Amino acid sequence: MKRLAKTVALTLLKIVVVFYTIFPFYWAIVSSFKSGAALFSVDFFPAIDLTNYRDLLTNGNFLRNILNSAIVAVSVVTLSLIFAITSAYALGKMKFRGRGIVLAGILGASMFPQIVVLSGLFGTIRWLGLYNSLGSLVLSYMIFSLPFTVWVMTSFIRQIPAELEDAARMDGCSTWAMIWQIYFPLLAPALASTGLLAFIASWNEFLFALTFTLSDTVRTVPVGLALISGSSRFELPFGTIMAASVIVTVPLILLVLIFQRRIVSGLTAGAVK
Amino acid sequence: MADLSLSNVRKAFGAFNVLHGIDLKIEDGEFVVFVGPSGCGKSTLLRAIAGLEDISGGDIRIGGEIVNHVPPAERQIAMVFQSYALYPHMDVYTNMAFGLKFAKIPKDEIDRRVRKAASILKLDAVLDRKPGALSGGQRQRVAIGRAIVRQPKVFLFDEPLSNLDAALRVNTRIEIAKLHRELGATMIYVTHDQVEAMTLADKIVVLNAGRIEQVGTPLDLYHAPANLFVAGFIGSPAMNLMEARVIALENGHLKLSVGEQHISLPYSGAPVAPGATVTVGIRPEHWIPGDGPSVKIEGTVDLVEHLGETSIVYLRLADGQMITVRYPGDIFCTAGDRFVADAPAAAVHLFDAAGQAMLGRRSGPAYGILGQEFRAR
Amino acid sequence: MMAETAPQSSWVKRIEPWLLLAPMLIVLATVTAWPLARTAYLSFMHASLDDGDLPRFIGFGNYLALMKDGDWWHAVRNTAFFAVISVTLETLAGVAIALLIDSQIKGRGALRAVMLIPWAIPTVVSAQMWQWMLHDQYGVVNALLIKLGFISHGIAWTAGAGTAMAAIIAVDVWQTTPFMVLLILAGLQIIPRDLYEAAKVDGAPGWAQFFYITLPLLWPTLAVAILFRLLDAVRMFDLAYVLSSKSRETATISIYARQQLVDFQDVGYGSAVAMLVFLMISLVAAVYIQVTKIRLISE
């Protein structure tokens, strides 16, 4: 009896947690299907009305924003991973003086508050002629993406047994061949999880995107979303905002659910030893 | 094929010396086993020969040429690793061919060598599988195949059997011995398992704390250990080592006091002063009563273990020292019984205070005497 | 063919790691070290794009002005309050939910999947979602509270002086507790199960198992997770920016710095603010690492 009561209590508690976790997103979906006066009534199972989605997709900027976000995130992930794999090899598999300092520097950089470099980076971006272009975001996102990918890849590469490297050396592998023919294929799953996390971080970034881009056509999704406003002061565009939120979030959630295991391993690789 | 010689090879990690000047000569075609406790430097020495570890001093010669700075792939050696170290993302064929590709060997020659090795090792059927889909024994054979296809002058094995289960270990051990006979190649094999060392080796090198303790054939090491370390390391159960005091040296006999009893041994070595401390060593399996001169030690039975084919008696001497006696077959005594252990004088080893053997190299009869005793029974 | 190669190979070995690290180090320096140095330099200048004056060196002038700037200190208080309360709540909730999920095998995978949802949602999106849920007239939260009879008319959660910060903390807790849960779950998984069996045999009740086994063995993981969260909380920008649009009641130090830099175009003063933010965050990290003695770099 006591055991049954305990199981019931635990299950109820779990239901509460799940409800609390999911409800805001559920409410966003529900609201995105309401337009006009329906939006302002509290109705948990409304009729499906696609007006908001139609408005959003016919307004060119939103699609452009999504494309911008995708371009930036894919570029950031690709560049970070290429840099990270050679760096991780050096940091995880080679013994050299200064290794500890580099690792500490990378760890420090990963804790770096973005606001600190805003004014300095603004100058660099102007100087490189990248202001108000997607390039400014690709460059500035390296500030969080690179330390993170290098750190996580280093801890992944360390888990690969040292004898494999010895065997490859005996087989005549040069360092370059070692990285690309032995470690690269072996690290494919790790690259996938690290890349996914870096992708999500780039997709969601707000501060730099808000500061380094100006025109609607180079904005990324988070900025576009934050700046959606009604045509008049009294119009509440929440229906459209919720529709945009759903469009932006659903692919992420699908990605995250499909690659659940990879993401958890990527999240924990840097933190749990 | 080639011989290999090490002269004064040293290795230090920072201030910590792992190898203190190793000198060793390995003949062409010889099977040499490095044994020693963990941390003795045997793996480091093997890796230094392979070129995976830079040496801090001395010279390594393969086929007469100094290879200190030659990269591993160009030393004409091959290595089989403890964990096999197969490339998990390549199939068996590619695993074996990988090194040959870097050596710029023509494709058809690579194919010929891989297929030949595969047929020797019965891997033909699994050439297109990835290592993950193979059994432990098959993985082990792929690792050996990867070494064979390179046609190396020297094969290096780093504890290759330690990841196999007991039955497979015996089989693979026999396979490796056969391979050595067929290829006639020089092989160096690292293990901490003395059964592997005794059964495979032409020559055993016993290492301890970065130094060579003794080099010799398996029977040399068993019958004539040069020092206390080798005496205690080779043989299982380990040799009984009893503290003793010299009472007198007279008429070519050494009188000793062991566990408050007196024993007498024929002795022709360097003179020893009365009162000196020595160590008397007798293997548990050598306590076999015989007709010739013998050594008798009396004690109390502490425990008897019956293993079926042998019985092991643990004896406590008057001064508290313990000795182990192993008899073939069953023995009937119980804890608390008085017990006299009896060994032929020829089976007794004697070590001085510095741990060095005092009786020199035991001559012919020492090797055979116990066997003959058995046959006479 | 086995001719001795010159010992130059050891020279190559020495520079090889640096060659491999070079691209990464150069990019990282371009986006961190160099801008940081420039920010530091600008913080000693009077450099306002507003008044058209040429930049000029004014020493610690900006810093001295900052010390007397009430809005800055208000932002510092806001940030500290937000960081301490939200990280504490997230840690407690994180441990509780992780233990709940870990208590039964059944449904563990599904619950973990659910936990990933708020984590994956962009902060701007969750800010907008909650803004809508907390809307004073049409928000579902007010509607429910009125229906249940707790309040008689809608509360302007994100605009009210007392409630805006609470709302921000609530949204942050909702969004980032799952991150804590995931890390703690992974930390729980590396605790050997037979320790609990041994404790049971020793007669330790549930609470003792938690305090004497779970907590000490979880601590290394927990300490790192708290550090990550703490640093994130101290530099928080987007949530408050979207949720309560730069109001003085909720402005964090990051929002204040950007306001000076971008909105008021006062680059010198804004840089000084940014430098202080940097110093404060470094101090928080250094003190935390010292106090908890966590080891982030394993040799």
# chains A, B, ... in the order shown; residues from 1 in each chain; ligands from 1

call {"tool": "residues_around", "arguments": {"residues": "segment 151-157 of chain A", "least_positions_apart": "5", "cutoff": "8 Å", "atoms": "only C-alpha atoms", "output": "ChimeraX atom specification"}}
result
/A:84-85,87-89,91-93,103,106-107,183,187,190-191,194,266,269-270

call {"tool": "residues_around", "arguments": {"residues": "Gly107 of chain C", "least_positions_apart": "5", "cutoff": "12 Å", "atoms": "only C-alpha atoms", "output": "list in words"}}
result
Leu10, Thr11, Lys14, Ile15 and Val18 of chain A; Leu100, Ile101, Asp102, Arg112, Ala113 and Val114 of chain C

call {"tool": "write_last_selection", "arguments": {"atoms": "N, CA, C and O atoms", "output": "PDB file, in the first residue's frame"}}
result
ATOM      1  N   LEU A  10       4.877  10.002  -6.911  1.00  0.00           N
ATOM      2  CA  LEU A  10       5.988  10.309  -7.816  1.00  0.00           C
ATOM      3  C   LEU A  10       5.474  10.574  -9.222  1.00  0.00           C
ATOM      4  O   LEU A  10       5.922  11.501  -9.898  1.00  0.00           O
ATOM      5  N   THR A  11       4.514   9.747  -9.652  1.00  0.00           N
ATOM      6  CA  THR A  11       3.984   9.916 -11.001  1.00  0.00           C
ATOM      7  C   THR A  11       3.275  11.257 -11.135  1.00  0.00           C
ATOM      8  O   THR A  11       3.444  11.974 -12.125  1.00  0.00           O
ATOM      9  N   LYS A  14       5.740  13.939 -11.469  1.00  0.00           N
ATOM     10  CA  LYS A  14       6.320  13.967 -12.806  1.00  0.00           C
ATOM     11  C   LYS A  14       5.378  14.658 -13.780  1.00  0.00           C
ATOM     12  O   LYS A  14       5.821  15.425 -14.635  1.00  0.00           O
ATOM     13  N   ILE A  15       4.078  14.382 -13.628  1.00  0.00           N
ATOM     14  CA  ILE A  15       3.110  15.010 -14.527  1.00  0.00           C
ATOM     15  C   ILE A  15       3.143  16.530 -14.348  1.00  0.00           C
ATOM     16  O   ILE A  15       3.129  17.280 -15.324  1.00  0.00           O
ATOM     17  N   VAL A  18       6.242  17.849 -16.065  1.00  0.00           N
ATOM     18  CA  VAL A  18       6.082  17.840 -17.524  1.00  0.00           C
ATOM     19  C   VAL A  18       5.138  18.956 -17.963  1.00  0.00           C
ATOM     20  O   VAL A  18       5.421  19.689 -18.921  1.00  0.00           O
TER      21      VAL A  18
ATOM     22  N   LEU C 100      13.966  13.056  -9.092  1.00  0.00           N
ATOM     23  CA  LEU C 100      12.644  12.525  -9.437  1.00  0.00           C
ATOM     24  C   LEU C 100      12.735  11.669 -10.697  1.00  0.00           C
ATOM     25  O   LEU C 100      12.234  10.539 -10.740  1.00  0.00           O
ATOM     26  N   ILE C 101      13.415  12.214 -11.722  1.00  0.00           N
ATOM     27  CA  ILE C 101      13.537  11.466 -12.976  1.00  0.00           C
ATOM     28  C   ILE C 101      14.350  10.192 -12.758  1.00  0.00           C
ATOM     29  O   ILE C 101      14.059   9.140 -13.314  1.00  0.00           O
ATOM     30  N   ASP C 102      15.367  10.302 -11.913  1.00  0.00           N
ATOM     31  CA  ASP C 102      16.276   9.174 -11.688  1.00  0.00           C
ATOM     32  C   ASP C 102      15.645   8.096 -10.800  1.00  0.00           C
ATOM     33  O   ASP C 102      16.130   6.976 -10.731  1.00  0.00           O
ATOM     34  N   ARG C 112      13.535  13.012 -19.967  1.00  0.00           N
ATOM     35  CA  ARG C 112      14.754  13.705 -20.351  1.00  0.00           C
ATOM     36  C   ARG C 112      14.530  14.457 -21.665  1.00  0.00           C
ATOM     37  O   ARG C 112      14.987  15.579 -21.845  1.00  0.00           O
ATOM     38  N   ALA C 113      13.790  13.830 -22.564  1.00  0.00           N
ATOM     39  CA  ALA C 113      13.487  14.474 -23.836  1.00  0.00           C
ATOM     40  C   ALA C 113      12.680  15.748 -23.605  1.00  0.00           C
ATOM     41  O   ALA C 113      12.956  16.796 -24.192  1.00  0.00           O
ATOM     42  N   VAL C 114      11.695  15.664 -22.709  1.00  0.00           N
ATOM     43  CA  VAL C 114      10.866  16.827 -22.402  1.00  0.00           C
ATOM     44  C   VAL C 114      11.734  17.965 -21.865  1.00  0.00           C
ATOM     45  O   VAL C 114      11.560  19.130 -22.203  1.00  0.00           O
TER      46      VAL C 114
END

call {"tool": "interface_residues", "arguments": {"of": "chain B", "to": "chain C", "cutoff": "8 Å", "atoms": "only C-alpha atoms", "output": "PyMOL selection string"}}
result
chain B and resi 65-70+74-75

call {"tool": "interface_residues", "arguments": {"of": "chain C", "to": "chain A", "cutoff": "6 Å", "atoms": "only C-alpha atoms", "output": "mmCIF file with C-alpha atoms, in the first residue's frame"}}
result
data_model
loop_
_atom_site.group_PDB
_atom_site.id
_atom_site.type_symbol
_atom_site.label_atom_id
_atom_site.label_comp_id
_atom_site.auth_asym_id
_atom_site.auth_seq_id
_atom_site.Cartn_x
_atom_site.Cartn_y
_atom_site.Cartn_z
ATOM 1 C CA PRO C 17 51.399 21.709 -31.834
ATOM 2 C CA LEU C 20 47.952 23.091 -35.353
ATOM 3 C CA LEU C 21 46.701 25.607 -32.803
ATOM 4 C CA MET C 24 42.212 28.791 -33.724
ATOM 5 C CA VAL C 31 37.524 38.252 -31.222
ATOM 6 C CA PRO C 35 38.757 43.792 -28.693
ATOM 7 C CA LEU C 36 39.311 43.494 -24.954
ATOM 8 C CA ARG C 38 40.617 48.098 -27.370
ATOM 9 C CA THR C 39 37.758 48.286 -24.900
ATOM 10 C CA ILE C 121 13.978 27.332 -27.337
ATOM 11 C CA PRO C 122 15.812 30.580 -28.140
ATOM 12 C CA VAL C 124 14.117 35.650 -27.280
ATOM 13 C CA VAL C 125 11.336 33.212 -28.124
ATOM 14 C CA TYR C 138 -5.124 38.880 -22.194
ATOM 15 C CA THR C 221 29.353 17.920 -11.402
ATOM 16 C CA ARG C 235 26.063 38.434 -18.175
ATOM 17 C CA SER C 254 25.053 44.119 -19.704
ATOM 18 C CA ALA C 274 32.126 47.008 -19.991
#

call {"tool": "atom_distance", "arguments": {"atom1": "atom CA of Leu6 of chain B", "atom2": "atom CA of Leu24 of chain B"}}
result
5.0 Å

call {"tool": "interface_residues", "arguments": {"of": "chain B", "to": "chain A", "cutoff": "6 Å", "atoms": "only C-alpha atoms", "output": "PyMOL selection string"}}
result
chain B and resi 72-73+85+99+102
